[in-house]
$ cat upload-v3.cif   # mmCIF, N, CA and C atoms
data_final
loop_
_atom_site.label_atom_id
_atom_site.label_comp_id
_atom_site.auth_asym_id
_atom_site.auth_seq_id
_atom_site.Cartn_x
_atom_site.Cartn_y
_atom_site.Cartn_z
N MET A 1 17.12 -9.76 -6.05
CA MET A 1 15.93 -8.96 -5.83
C MET A 1 16.02 -8.33 -4.44
N PRO A 2 16.65 -7.16 -4.31
CA PRO A 2 16.74 -6.47 -3.02
C PRO A 2 15.35 -6.09 -2.50
N THR A 3 15.16 -6.29 -1.23
CA THR A 3 13.87 -6.00 -0.61
C THR A 3 14.09 -5.22 0.68
N VAL A 4 13.22 -4.25 0.91
CA VAL A 4 13.20 -3.51 2.17
C VAL A 4 11.81 -3.72 2.75
N GLU A 5 11.74 -4.05 4.04
CA GLU A 5 10.43 -4.25 4.68
C GLU A 5 10.30 -3.31 5.87
N LEU A 6 9.18 -2.60 5.90
CA LEU A 6 8.84 -1.73 7.02
C LEU A 6 7.65 -2.33 7.74
N ARG A 7 7.65 -2.20 9.04
CA ARG A 7 6.49 -2.60 9.85
C ARG A 7 6.27 -1.46 10.84
N PHE A 8 5.06 -0.97 10.89
CA PHE A 8 4.80 0.11 11.83
C PHE A 8 3.42 -0.02 12.45
N SER A 9 3.30 0.50 13.67
CA SER A 9 2.00 0.46 14.35
C SER A 9 1.03 1.36 13.59
N ALA A 10 -0.23 1.03 13.66
CA ALA A 10 -1.26 1.72 12.88
C ALA A 10 -1.54 3.11 13.44
N GLN A 11 -0.57 3.99 13.30
CA GLN A 11 -0.70 5.37 13.73
C GLN A 11 -0.50 6.27 12.50
N PRO A 12 -1.35 7.26 12.30
CA PRO A 12 -1.24 8.12 11.12
C PRO A 12 0.12 8.80 10.98
N GLU A 13 0.78 9.10 12.09
CA GLU A 13 2.06 9.80 12.01
C GLU A 13 3.16 8.95 11.36
N HIS A 14 2.98 7.65 11.29
CA HIS A 14 3.99 6.78 10.66
C HIS A 14 3.87 6.73 9.14
N VAL A 15 2.75 7.19 8.60
CA VAL A 15 2.54 7.16 7.15
C VAL A 15 3.58 8.03 6.44
N ARG A 16 3.89 9.17 6.99
CA ARG A 16 4.89 10.06 6.38
C ARG A 16 6.24 9.37 6.27
N THR A 17 6.64 8.66 7.30
CA THR A 17 7.91 7.94 7.27
C THR A 17 7.91 6.89 6.16
N ALA A 18 6.82 6.16 6.03
CA ALA A 18 6.71 5.15 4.97
C ALA A 18 6.82 5.79 3.59
N ARG A 19 6.20 6.95 3.42
CA ARG A 19 6.28 7.67 2.14
C ARG A 19 7.71 8.06 1.82
N LEU A 20 8.42 8.60 2.81
CA LEU A 20 9.80 9.04 2.60
C LEU A 20 10.72 7.87 2.26
N VAL A 21 10.58 6.77 2.98
CA VAL A 21 11.40 5.59 2.73
C VAL A 21 11.09 5.03 1.34
N ALA A 22 9.82 4.95 0.98
CA ALA A 22 9.42 4.42 -0.33
C ALA A 22 10.02 5.26 -1.46
N ALA A 23 9.98 6.57 -1.32
CA ALA A 23 10.53 7.44 -2.36
C ALA A 23 12.04 7.27 -2.48
N ALA A 24 12.72 7.15 -1.35
CA ALA A 24 14.19 6.98 -1.37
C ALA A 24 14.58 5.65 -2.01
N VAL A 25 13.88 4.58 -1.68
CA VAL A 25 14.19 3.27 -2.25
C VAL A 25 13.82 3.24 -3.73
N ALA A 26 12.70 3.88 -4.10
CA ALA A 26 12.29 3.94 -5.51
C ALA A 26 13.34 4.67 -6.34
N ARG A 27 13.86 5.76 -5.82
CA ARG A 27 14.90 6.52 -6.51
C ARG A 27 16.13 5.64 -6.72
N ARG A 28 16.55 4.95 -5.67
CA ARG A 28 17.72 4.07 -5.76
C ARG A 28 17.49 2.92 -6.74
N ALA A 29 16.23 2.46 -6.84
CA ALA A 29 15.90 1.34 -7.73
C ALA A 29 15.86 1.75 -9.20
N GLY A 30 15.81 3.07 -9.47
CA GLY A 30 15.80 3.52 -10.85
C GLY A 30 14.46 4.00 -11.36
N VAL A 31 13.52 4.26 -10.45
CA VAL A 31 12.23 4.83 -10.88
C VAL A 31 12.49 6.26 -11.35
N ASP A 32 11.88 6.63 -12.45
CA ASP A 32 12.07 7.95 -13.04
C ASP A 32 11.71 9.05 -12.03
N GLU A 33 12.53 10.10 -11.99
CA GLU A 33 12.32 11.21 -11.05
C GLU A 33 10.92 11.82 -11.20
N ALA A 34 10.41 11.87 -12.42
CA ALA A 34 9.10 12.47 -12.68
C ALA A 34 7.97 11.67 -12.03
N VAL A 35 8.23 10.42 -11.69
CA VAL A 35 7.19 9.54 -11.14
C VAL A 35 7.26 9.45 -9.61
N LEU A 36 8.32 9.97 -9.02
CA LEU A 36 8.50 9.82 -7.57
C LEU A 36 7.37 10.44 -6.75
N ASP A 37 6.81 11.55 -7.21
CA ASP A 37 5.67 12.13 -6.49
C ASP A 37 4.48 11.18 -6.49
N GLU A 38 4.26 10.49 -7.61
CA GLU A 38 3.17 9.51 -7.68
C GLU A 38 3.42 8.36 -6.72
N VAL A 39 4.68 7.93 -6.63
CA VAL A 39 5.03 6.86 -5.69
C VAL A 39 4.71 7.31 -4.26
N ARG A 40 5.15 8.51 -3.91
CA ARG A 40 4.89 9.03 -2.55
C ARG A 40 3.39 9.10 -2.26
N LEU A 41 2.64 9.66 -3.20
CA LEU A 41 1.19 9.81 -2.99
C LEU A 41 0.50 8.46 -2.89
N ALA A 42 0.85 7.53 -3.78
CA ALA A 42 0.21 6.20 -3.76
C ALA A 42 0.52 5.45 -2.48
N VAL A 43 1.77 5.51 -2.03
CA VAL A 43 2.14 4.85 -0.78
C VAL A 43 1.42 5.50 0.39
N GLY A 44 1.33 6.82 0.38
CA GLY A 44 0.61 7.52 1.43
C GLY A 44 -0.85 7.10 1.49
N GLU A 45 -1.50 7.01 0.34
CA GLU A 45 -2.91 6.57 0.30
C GLU A 45 -3.07 5.14 0.80
N ALA A 46 -2.20 4.24 0.31
CA ALA A 46 -2.30 2.84 0.70
C ALA A 46 -2.03 2.65 2.20
N CYS A 47 -1.03 3.35 2.71
CA CYS A 47 -0.72 3.25 4.14
C CYS A 47 -1.83 3.87 5.00
N SER A 48 -2.36 5.01 4.57
CA SER A 48 -3.46 5.63 5.31
C SER A 48 -4.67 4.72 5.34
N ARG A 49 -4.94 4.06 4.22
CA ARG A 49 -6.05 3.11 4.15
C ARG A 49 -5.82 1.96 5.13
N ALA A 50 -4.61 1.39 5.15
CA ALA A 50 -4.31 0.28 6.05
C ALA A 50 -4.42 0.73 7.51
N VAL A 51 -3.90 1.90 7.82
CA VAL A 51 -4.00 2.43 9.19
C VAL A 51 -5.47 2.59 9.58
N GLY A 52 -6.26 3.15 8.69
CA GLY A 52 -7.69 3.33 8.96
C GLY A 52 -8.40 2.01 9.19
N LEU A 53 -8.09 1.00 8.38
CA LEU A 53 -8.69 -0.32 8.55
C LEU A 53 -8.31 -0.93 9.90
N HIS A 54 -7.04 -0.84 10.24
CA HIS A 54 -6.58 -1.39 11.53
C HIS A 54 -7.28 -0.69 12.70
N ARG A 55 -7.35 0.62 12.63
CA ARG A 55 -7.95 1.37 13.73
C ARG A 55 -9.45 1.11 13.84
N SER A 56 -10.13 1.02 12.72
CA SER A 56 -11.59 0.80 12.76
C SER A 56 -11.95 -0.62 13.19
N HIS A 57 -11.02 -1.57 13.04
CA HIS A 57 -11.26 -2.95 13.45
C HIS A 57 -10.52 -3.32 14.74
N ASP A 58 -9.92 -2.30 15.41
CA ASP A 58 -9.19 -2.53 16.66
C ASP A 58 -8.13 -3.62 16.52
N ILE A 59 -7.34 -3.56 15.46
CA ILE A 59 -6.28 -4.53 15.22
C ILE A 59 -4.95 -3.92 15.67
N THR A 60 -4.20 -4.64 16.47
CA THR A 60 -2.94 -4.13 16.98
C THR A 60 -1.73 -4.58 16.16
N ALA A 61 -1.93 -5.50 15.23
CA ALA A 61 -0.83 -5.97 14.39
C ALA A 61 -0.29 -4.79 13.57
N PRO A 62 0.99 -4.83 13.22
CA PRO A 62 1.56 -3.72 12.45
C PRO A 62 1.10 -3.73 10.98
N VAL A 63 1.14 -2.56 10.39
CA VAL A 63 0.96 -2.41 8.95
C VAL A 63 2.30 -2.76 8.33
N THR A 64 2.30 -3.45 7.19
CA THR A 64 3.57 -3.81 6.56
C THR A 64 3.69 -3.12 5.20
N VAL A 65 4.91 -2.72 4.89
CA VAL A 65 5.22 -2.14 3.59
C VAL A 65 6.47 -2.87 3.09
N VAL A 66 6.34 -3.53 1.96
CA VAL A 66 7.46 -4.26 1.38
C VAL A 66 7.83 -3.58 0.06
N LEU A 67 9.10 -3.16 -0.04
CA LEU A 67 9.61 -2.47 -1.22
C LEU A 67 10.52 -3.44 -1.95
N ILE A 68 10.16 -3.78 -3.19
CA ILE A 68 10.85 -4.83 -3.93
C ILE A 68 11.48 -4.27 -5.20
N GLU A 69 12.77 -4.40 -5.29
CA GLU A 69 13.51 -3.95 -6.48
C GLU A 69 13.75 -5.16 -7.36
N GLU A 70 13.06 -5.19 -8.51
CA GLU A 70 13.22 -6.28 -9.46
C GLU A 70 14.06 -5.79 -10.64
N GLU A 71 14.28 -6.67 -11.61
CA GLU A 71 15.16 -6.32 -12.72
C GLU A 71 14.65 -5.11 -13.52
N LYS A 72 13.38 -5.09 -13.86
CA LYS A 72 12.85 -3.99 -14.69
C LYS A 72 11.68 -3.28 -14.04
N ALA A 73 11.47 -3.53 -12.76
CA ALA A 73 10.33 -2.91 -12.08
C ALA A 73 10.64 -2.70 -10.61
N PHE A 74 9.90 -1.78 -10.02
CA PHE A 74 9.97 -1.52 -8.59
C PHE A 74 8.55 -1.70 -8.07
N SER A 75 8.38 -2.54 -7.07
CA SER A 75 7.05 -2.84 -6.54
C SER A 75 6.97 -2.51 -5.06
N ILE A 76 5.78 -2.13 -4.66
CA ILE A 76 5.51 -1.85 -3.25
C ILE A 76 4.25 -2.61 -2.87
N GLU A 77 4.32 -3.34 -1.78
CA GLU A 77 3.15 -4.05 -1.24
C GLU A 77 2.84 -3.48 0.13
N VAL A 78 1.64 -2.95 0.29
CA VAL A 78 1.18 -2.43 1.57
C VAL A 78 0.14 -3.42 2.09
N GLY A 79 0.45 -4.01 3.26
CA GLY A 79 -0.43 -5.04 3.80
C GLY A 79 -1.09 -4.62 5.11
N ASP A 80 -2.31 -5.09 5.27
CA ASP A 80 -3.04 -4.89 6.52
C ASP A 80 -3.42 -6.25 7.07
N ALA A 81 -3.88 -6.31 8.29
CA ALA A 81 -4.23 -7.57 8.93
C ALA A 81 -5.74 -7.72 9.11
N VAL A 82 -6.52 -7.02 8.29
CA VAL A 82 -7.98 -7.10 8.40
C VAL A 82 -8.46 -8.26 7.54
N PRO A 83 -9.12 -9.25 8.16
CA PRO A 83 -9.60 -10.41 7.39
C PRO A 83 -10.59 -9.98 6.31
N GLY A 84 -10.49 -10.63 5.17
CA GLY A 84 -11.40 -10.35 4.06
C GLY A 84 -12.75 -11.00 4.28
N PRO A 85 -13.67 -10.77 3.36
CA PRO A 85 -15.00 -11.37 3.48
C PRO A 85 -14.90 -12.88 3.39
N GLY A 86 -15.79 -13.55 4.10
CA GLY A 86 -15.82 -15.00 4.08
C GLY A 86 -14.87 -15.64 5.08
N SER A 87 -14.11 -14.84 5.81
CA SER A 87 -13.22 -15.42 6.81
C SER A 87 -14.06 -15.85 8.00
N ASP A 88 -13.54 -16.79 8.75
CA ASP A 88 -14.32 -17.30 9.87
C ASP A 88 -13.96 -16.64 11.19
N THR A 89 -13.44 -15.41 11.12
CA THR A 89 -13.11 -14.69 12.35
C THR A 89 -14.33 -13.92 12.82
N SER A 90 -14.22 -13.33 13.99
CA SER A 90 -15.35 -12.57 14.52
C SER A 90 -15.35 -11.13 14.04
N LEU A 91 -14.31 -10.75 13.27
CA LEU A 91 -14.26 -9.38 12.77
C LEU A 91 -15.15 -9.23 11.55
N PRO A 92 -15.83 -8.09 11.42
CA PRO A 92 -16.59 -7.87 10.19
C PRO A 92 -15.64 -7.71 9.02
N GLY A 93 -16.14 -7.91 7.81
CA GLY A 93 -15.31 -7.79 6.60
C GLY A 93 -14.79 -6.38 6.42
N ARG A 94 -13.85 -6.24 5.51
CA ARG A 94 -13.24 -4.94 5.23
C ARG A 94 -14.21 -4.08 4.45
N PRO A 95 -14.13 -2.76 4.60
CA PRO A 95 -14.97 -1.86 3.85
C PRO A 95 -14.76 -2.05 2.35
N GLY A 96 -15.84 -1.89 1.60
CA GLY A 96 -15.75 -1.97 0.15
C GLY A 96 -15.77 -3.39 -0.38
N ASP A 97 -15.72 -4.40 0.49
CA ASP A 97 -15.75 -5.79 0.07
C ASP A 97 -17.16 -6.35 0.23
N ALA A 98 -18.13 -5.53 -0.04
CA ALA A 98 -19.52 -5.93 0.16
C ALA A 98 -19.87 -7.10 -0.75
N ILE A 99 -20.68 -7.99 -0.24
CA ILE A 99 -21.10 -9.16 -1.00
C ILE A 99 -22.32 -8.77 -1.84
N GLY A 100 -22.40 -9.33 -3.03
CA GLY A 100 -23.55 -9.07 -3.89
C GLY A 100 -23.44 -7.77 -4.66
N GLY A 101 -22.26 -7.19 -4.74
CA GLY A 101 -22.07 -5.99 -5.56
C GLY A 101 -22.63 -4.73 -4.95
N ARG A 102 -22.99 -4.78 -3.68
CA ARG A 102 -23.50 -3.56 -3.05
C ARG A 102 -22.37 -2.55 -2.93
N GLY A 103 -22.72 -1.31 -2.95
CA GLY A 103 -21.72 -0.25 -2.82
C GLY A 103 -21.42 0.01 -1.35
N PRO A 104 -20.54 0.95 -1.09
CA PRO A 104 -20.22 1.31 0.29
C PRO A 104 -21.45 1.83 1.02
N GLU A 105 -21.54 1.48 2.31
CA GLU A 105 -22.71 1.89 3.07
C GLU A 105 -22.41 2.92 4.14
N THR A 106 -21.16 3.08 4.53
CA THR A 106 -20.82 4.03 5.58
C THR A 106 -19.78 5.01 5.08
N ASP A 107 -19.52 6.03 5.90
CA ASP A 107 -18.49 7.01 5.53
C ASP A 107 -17.12 6.34 5.43
N ALA A 108 -16.83 5.41 6.35
CA ALA A 108 -15.54 4.71 6.31
C ALA A 108 -15.40 3.91 5.03
N GLU A 109 -16.46 3.25 4.61
CA GLU A 109 -16.42 2.48 3.37
C GLU A 109 -16.27 3.39 2.16
N SER A 110 -16.91 4.55 2.19
CA SER A 110 -16.76 5.51 1.10
C SER A 110 -15.34 6.03 1.03
N GLU A 111 -14.73 6.31 2.18
CA GLU A 111 -13.34 6.75 2.24
C GLU A 111 -12.41 5.69 1.69
N ASP A 112 -12.68 4.43 2.04
CA ASP A 112 -11.88 3.32 1.57
C ASP A 112 -11.94 3.23 0.05
N GLU A 113 -13.12 3.31 -0.51
CA GLU A 113 -13.29 3.25 -1.96
C GLU A 113 -12.61 4.44 -2.63
N MET A 114 -12.68 5.61 -2.02
CA MET A 114 -12.03 6.80 -2.58
C MET A 114 -10.52 6.62 -2.59
N GLY A 115 -9.96 6.07 -1.52
CA GLY A 115 -8.53 5.82 -1.45
C GLY A 115 -8.08 4.87 -2.55
N LEU A 116 -8.85 3.81 -2.78
CA LEU A 116 -8.51 2.87 -3.86
C LEU A 116 -8.61 3.54 -5.23
N ALA A 117 -9.58 4.42 -5.41
CA ALA A 117 -9.73 5.14 -6.68
C ALA A 117 -8.54 6.06 -6.92
N VAL A 118 -8.08 6.74 -5.87
CA VAL A 118 -6.91 7.62 -5.99
C VAL A 118 -5.68 6.80 -6.36
N ILE A 119 -5.50 5.66 -5.70
CA ILE A 119 -4.34 4.81 -6.00
C ILE A 119 -4.39 4.35 -7.45
N SER A 120 -5.56 3.88 -7.92
CA SER A 120 -5.62 3.42 -9.31
C SER A 120 -5.43 4.55 -10.30
N GLY A 121 -5.72 5.79 -9.91
CA GLY A 121 -5.45 6.92 -10.78
C GLY A 121 -3.97 7.28 -10.83
N LEU A 122 -3.23 6.93 -9.79
CA LEU A 122 -1.80 7.26 -9.72
C LEU A 122 -0.90 6.16 -10.28
N VAL A 123 -1.36 4.93 -10.20
CA VAL A 123 -0.51 3.78 -10.54
C VAL A 123 -1.16 2.99 -11.67
N ASP A 124 -0.41 2.75 -12.73
CA ASP A 124 -0.93 1.96 -13.86
C ASP A 124 -1.05 0.48 -13.51
N ASP A 125 -0.10 -0.03 -12.74
CA ASP A 125 -0.07 -1.45 -12.42
C ASP A 125 -0.36 -1.62 -10.93
N VAL A 126 -1.63 -1.85 -10.60
CA VAL A 126 -2.03 -2.00 -9.20
C VAL A 126 -2.92 -3.23 -9.06
N GLU A 127 -2.73 -3.94 -7.93
CA GLU A 127 -3.52 -5.13 -7.65
C GLU A 127 -3.94 -5.08 -6.19
N VAL A 128 -5.22 -5.34 -5.92
CA VAL A 128 -5.73 -5.36 -4.55
C VAL A 128 -6.20 -6.77 -4.25
N ARG A 129 -5.61 -7.36 -3.21
CA ARG A 129 -5.98 -8.72 -2.80
C ARG A 129 -6.50 -8.70 -1.37
N SER A 130 -7.46 -9.58 -1.11
CA SER A 130 -8.01 -9.71 0.23
C SER A 130 -8.10 -11.19 0.56
N ALA A 131 -7.63 -11.57 1.74
CA ALA A 131 -7.66 -12.97 2.17
C ALA A 131 -7.99 -13.02 3.65
N THR A 132 -8.07 -14.23 4.17
CA THR A 132 -8.42 -14.38 5.59
C THR A 132 -7.37 -13.78 6.51
N GLU A 133 -6.09 -13.75 6.06
CA GLU A 133 -5.03 -13.20 6.91
C GLU A 133 -4.84 -11.70 6.73
N GLY A 134 -5.55 -11.09 5.79
CA GLY A 134 -5.45 -9.65 5.59
C GLY A 134 -5.43 -9.28 4.12
N GLY A 135 -5.27 -8.02 3.86
CA GLY A 135 -5.28 -7.53 2.48
C GLY A 135 -3.93 -6.95 2.09
N VAL A 136 -3.71 -6.87 0.78
CA VAL A 136 -2.47 -6.33 0.24
C VAL A 136 -2.80 -5.49 -0.98
N ILE A 137 -2.19 -4.33 -1.06
CA ILE A 137 -2.23 -3.53 -2.27
C ILE A 137 -0.82 -3.60 -2.85
N ARG A 138 -0.70 -4.12 -4.07
CA ARG A 138 0.60 -4.21 -4.74
C ARG A 138 0.62 -3.21 -5.89
N MET A 139 1.62 -2.35 -5.89
CA MET A 139 1.77 -1.32 -6.91
C MET A 139 3.14 -1.48 -7.55
N SER A 140 3.24 -1.31 -8.87
CA SER A 140 4.52 -1.46 -9.56
C SER A 140 4.76 -0.31 -10.53
N TRP A 141 6.04 0.05 -10.66
CA TRP A 141 6.47 1.08 -11.60
C TRP A 141 7.67 0.53 -12.36
N PRO A 142 7.80 0.93 -13.63
CA PRO A 142 9.00 0.51 -14.39
C PRO A 142 10.24 1.24 -13.90
N THR A 143 11.39 0.61 -14.08
CA THR A 143 12.65 1.24 -13.71
C THR A 143 13.53 1.35 -14.95
N THR A 144 14.47 2.26 -14.88
CA THR A 144 15.46 2.37 -15.94
C THR A 144 16.78 1.90 -15.37
N PRO A 145 17.49 1.07 -16.12
CA PRO A 145 18.76 0.55 -15.57
C PRO A 145 19.77 1.67 -15.35
N ALA A 146 20.54 1.51 -14.31
CA ALA A 146 21.58 2.49 -13.99
C ALA A 146 22.69 2.42 -15.04
N VAL A 147 23.17 3.56 -15.43
CA VAL A 147 24.26 3.62 -16.40
C VAL A 147 25.57 3.70 -15.64
N ALA A 148 26.48 2.78 -15.93
CA ALA A 148 27.77 2.77 -15.25
C ALA A 148 28.67 3.84 -15.87
N VAL A 149 29.21 4.69 -15.04
CA VAL A 149 30.10 5.74 -15.50
C VAL A 149 31.53 5.23 -15.38
N PRO A 150 32.32 5.28 -16.51
CA PRO A 150 33.69 4.75 -16.46
C PRO A 150 34.60 5.55 -15.57
#
$ encode --input "upload-v3.cif" --output "structure tokens"
Amino acid sequence: MPTVELRFSAQPEHVRTARLVAAAVARRAGVDEAVLDEVRLAVGEACSRAVGLHRSHDITAPVTVVLIEEEKAFSIEVGDAVPGPGSDTSLPGRPGDAIGGRGPETDAESEDEMGLAVISGLVDDVEVRSATEGGVIRMSWPTTPAVAVP
């Protein structure tokens, strides 16, 4: 299971680099060419969301992007260091994780929810997790096995 891991400071200019690397690794892993634009857009949205969360919570830890090549799938995990709801830190919870089913209350929370909606529209297999150590968006795409040329 080959893995590539990127770590970058929460600066918007690094999102483009993450998108380019994700597309290159996805291509090498066997993701269909027709889907590569979706991979780029989804990674861009997830990374922009993580950067925004880090900046709004004054977190200096890097954003992480893990690219995982599995036997029949290619997965990307974009992680942030913003504690989820119920954590015992002094940081407020992440946007969109409102307790009691309340909707977003601020522009930042609305942007966060919009980013997640865009990602779910681009990726069929997406999972969003939030924990005390931070959140992760995991996205997966099917791959086609490489054909060996004699």
$ closest_residue --input "upload-v3.cif" --among "A:Arg28, A:Arg138, A:Arg7, A:His14" --to "A:Glu77" --atoms "only C-alpha atoms"
A:Arg138
$ resolve_selection --input "upload-v3.cif" --expression "the PyMOL selection byres (((chain A and resi 61 and name CA) around 9) and name CA)" --output "PyMOL selection string"
chain A and resi 8-10+54+59-60+62-63+80-81
$ atom_distance --input "upload-v3.cif" --atom1 "atom N of A:Pro83" --atom2 "atom CA of A:His57"
8.5 Å
$ resolve_selection --input "upload-v3.cif" --expression "the PyMOL selection byres ((chain A and resi 37-51) around 6)" --output "list of chain:residue names"
A:Ala10, A:Gln11, A:Val15, A:Arg19, A:Ala23, A:Glu33, A:Ala34, A:Val35, A:Leu36, A:Gly52, A:Leu53, A:His54, A:Arg55, A:Ser56, A:Gly79, A:Asp80, A:Gly115, A:Ile119, A:Leu122
$ atom_distance --input "upload-v3.cif" --atom1 "atom CA of A:Lys72" --atom2 "atom CA of A:Glu133"
29.5 Å
$ closest_residue --input "upload-v3.cif" --among "A:Ile68, A:Ile76, A:Glu5, A:Ala18" --to "A:Val136" --atoms "only C-alpha atoms"
A:Ile76
$ resolve_selection --input "upload-v3.cif" --expression "the PyMOL selection byres (((chain A and resi 73 and name CA) around 12) and name CA)" --output "PyMOL selection string"
chain A and resi 1-2+26-32+67-72+74-76+125+139-145
$ select_by_dssp --input "upload-v3.cif" --residues "stretch 2-41 of chain A" --states "helix (DSSP H, G or I)" --output "JSON, numbers by chain"
{"A": [13, 14, 15, 16, 17, 18, 19, 20, 21, 22, 23, 24, 25, 26, 27, 28, 29, 33, 34, 35, 36, 37, 38, 39, 40, 41]}
